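Only one structure is covered here, and it is reproduced in the block below.
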Amino acid sequence: MMSCSSAAGGSRCQPTPSEPLSAAIAGKVALHPCYSKSGHHRFARMHLPVAPACNLQCNYCNRKFDCSNESRPGVSSSLLTPEQAVAKVRQVAMAIPQLSVVGIAGPGDPLANIVRTFTTLEMVREQLPDMKLCLSTNGLMLPDAVDRLVSLGVDHVTVTINTLDPQIAAQIYAWLWLEGERYSGREAGEILIARQLEGVRRLTAQGVLVKINSVLIPGINDFALADVSRELREAGAFIHNIMPLIARPEHGTVFGLNGQAEPDAEMVARVRESCGEVMPQMTHCQQCRADAIGMLGEDRSQQFALLPVESAPQPWLPTLFRRAQLHASIVTKGESEDAEACLVAVASTHGELIDCHFGHADRFRIYSLSAAGAVLVNERFTPKYCQGSDNCEPPENDARMATVLDLLADVKAVFCARIGYEPWQKLQSRGIQPCVDDAWQPITSSLLRWWQAAPSKGQNKGVA
């Protein structure tokens with residue numbers, strides 16, 4: 001049975017905890033190690049510490065810099081500029097090709113550092129178009145940022161929500177800053193909770209996967225987190241991560257200094273079980289640092305020294321194509337390495353149907369076709385070649401078209417709802433087959449039907 005609710009942007013339905021995911025959601029989940037229990041064994045993540053300031057003081061938090069000996073949220077060994085952050089992503093992606101997600105999680109709150117955060121996200125999106133972008137926030141400024149996040153293709157957002165009761169919130173948060181005013185106590189809790197819920201609803205209404213983080217604090221919110229699961233599930237959230245409080249005196253937090261107890265394993269299991277009745281639970285969280293690098297459960301951040309920012313970075317496409325080959329091999333368990341396997345690109349609005357015009361696509365979903373079936377490998381973000389019916393002809397769009405064609409150079413075919421004569425010819429000249437016969441049809445069945453009938457399987461540059 002689907003769990004559904006309505007919002008200003010329309011109706012949204014989430015599967016119940018035991019119900020299979022749709023193809024579109026399953027594809028988003030599989031490639032994100034924090035959202036997929038199996039994905040965290042196969043793909044790596046990277047947190048960019050570009051956001052030092054925070055607009056909310058939590059009693060369990062003490063943001064630390066130049067800290068290499070603590071493994072918990074809010075600490076980082078360095079603070080990067082947006083330019084340094086992008087240079088480091090390039091460095092890490094070449095050393096760890098399993099890297100699939102780049103996120104901003106602190107050491108403060110990303111949305112309290114709006115310029116630094118969005119400058120970083122925009123630069124990563126422009127320079128590394130195959131990277132999945134992610135954000136973690138306390139949610140205070142989320143309603144104001146949703147449209148910008150969606151426009152950049154940020155389709156995974158984590159929101160830390162510890163309670164829906166303003167009185168409990170007053171015990172967890174010392175104060176918050178909003179529009180130049182400082183609030184505390186119950187009033188602060190009311191403001192925060194209202195804006196968190198509004199932000200989550202706006203995100204899920206636009207198809208963004210939302211993970212809810214909650215810090216489990218014995219005697220304060222342990223009995224109230226089931227209500228968080230229930231209401232946030234109704235708001236469209238996808239998964240709930242119950243994190244045990246870390247409150248040691250040496251960390252210098254309010255809770256650590258006043259002797260607040262940490263939950264034991266039995267309490268964590270009991271609360272997760274209760275919350276799991278209404279929302280899927282994340283049980284593999286490692287409570288990562290703000291500069292974490294690598295697979296979940298490991299942190300390789302100390303292995304990567306800060307390099308000078310290059311004035312003319314090396315071309316990214318060769319690395320992008322190598323990463324696609326490796327990711328295809330990972331998700332197909334090696335079947336993509338067969339001589340008959342290939343990569344194809346799909347223009348799709350939501351990841352279910354082939355329903356997007358080639359010139360209107362701002363991203364192409366890359367699939368591996370092999371004995372493993374049609375399996376999503378990743379997404380590549382592209383500039384829209386066509387900005388409207390009056391702006392789809394060269395020469396204005398030659399640069400945009402060239403960029404799109406370059407990004408698709410390793411695929412065998414492109415599936416879309418419609419395509420103009422000129423891009424059709426240019427795709428064919430590069431050995432890429434344009435496919436429009438399956439417009440508005442389901443992606444997976446269409447791709448497999450084409451692959452089974454393809455006369456030259458394995459004889460193309462797009463073999464994965």
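Convention: chains lettered A, B, ... in structure tokens order; per-chain residue numbering from 1; ligands numbered from 1 as shown.
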Exercise for the section: Please provide as a VMD selection string all residues within 12 Å of A:Gln428, with the sequence filter that same-chain residues fewer than 2 positions apart are discarded (counting only C-alpha atoms). Expected result: chain A and resid 405 408 to 409 411 to 414 421 to 426 430 to 435
Practice task
Name all residues at most 9 Å from A:Thr120 (count only C-alpha atoms; drop same-chain ones fewer than 2 positions away) and give them as a VMD selection string.
Solution key: chain A and resid 48 50 81 to 83 85 to 86 104 115 to 118 122 to 125
Atoms to include: C-alpha atoms. Write the selected residues as an mmCIF file, in the first residue's frame.
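part-v3.cif was written with the following content:
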data_model
loop_
_atom_site.group_PDB
_atom_site.id
_atom_site.type_symbol
_atom_site.label_atom_id
_atom_site.label_comp_id
_atom_site.auth_asym_id
_atom_site.auth_seq_id
_atom_site.Cartn_x
_atom_site.Cartn_y
_atom_site.Cartn_z
ATOM 1 C CA LEU A 48 33.274 19.277 1.315
ATOM 2 C CA VAL A 50 33.093 24.798 2.950
ATOM 3 C CA THR A 81 37.151 27.680 -0.397
ATOM 4 C CA PRO A 82 34.792 26.679 -3.227
ATOM 5 C CA GLU A 83 37.742 26.656 -5.638
ATOM 6 C CA ALA A 85 36.814 22.152 -2.840
ATOM 7 C CA VAL A 86 36.337 21.540 -6.565
ATOM 8 C CA ILE A 104 28.167 19.569 1.839
ATOM 9 C CA VAL A 115 27.110 31.973 -1.038
ATOM 10 C CA ARG A 116 29.912 29.509 -0.279
ATOM 11 C CA THR A 117 27.575 26.534 -0.540
ATOM 12 C CA PHE A 118 25.911 27.419 -3.822
ATOM 13 C CA GLU A 122 27.503 25.275 -9.065
ATOM 14 C CA MET A 123 31.212 24.784 -9.738
ATOM 15 C CA VAL A 124 31.047 21.036 -9.122
ATOM 16 C CA ARG A 125 27.980 20.720 -11.328
#
Problem - Surrounding residues of stretch 317-328 of chain A excluding itself and chain neighbours under 2 positions, 10 Å, only C-alpha atoms, as JSON, numbers by chain - result: {"A": [31, 42, 43, 90, 93, 94, 96, 97, 98, 99, 100, 127, 128, 129, 130, 131, 314, 315, 330, 331, 332, 333, 334, 335, 336, 337, 342, 343, 366, 367, 368, 369, 370, 375, 376, 377, 378, 379, 380, 406, 407, 408, 409, 410, 411, 462, 463, 464]}
Exercise for the section: Output as a list in words all residues of stretch 189-261 of chain A that backbone DSSP marks as strand (DSSP E or B). Expected result: Leu209, Val210, Lys211, Ile212, Asn213, Ser214, Val215, Leu216, Ile239, His240, Asn241, Ile242, Met243 and Pro244 of chain A
Exercise for the section: List the neighbours of A:Tyr60 out to 7 Å using only C-alpha atoms; skip same-chain residues closer than 3 positions along the sequence, and give me the result as an MDAnalysis selection string. Expected result: chainID A and resid 247 253:255
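Minimum atom-to-atom distances from A:Cys134, A:Ala235, A:Val268, A:Val208 to A:Asn221 were compared using only C-alpha atoms, and the lowest value belongs to A:Val268.
Between atom CA of A:Trp177 and atom CA of A:Leu225 lies a distance of 24.8 Å.
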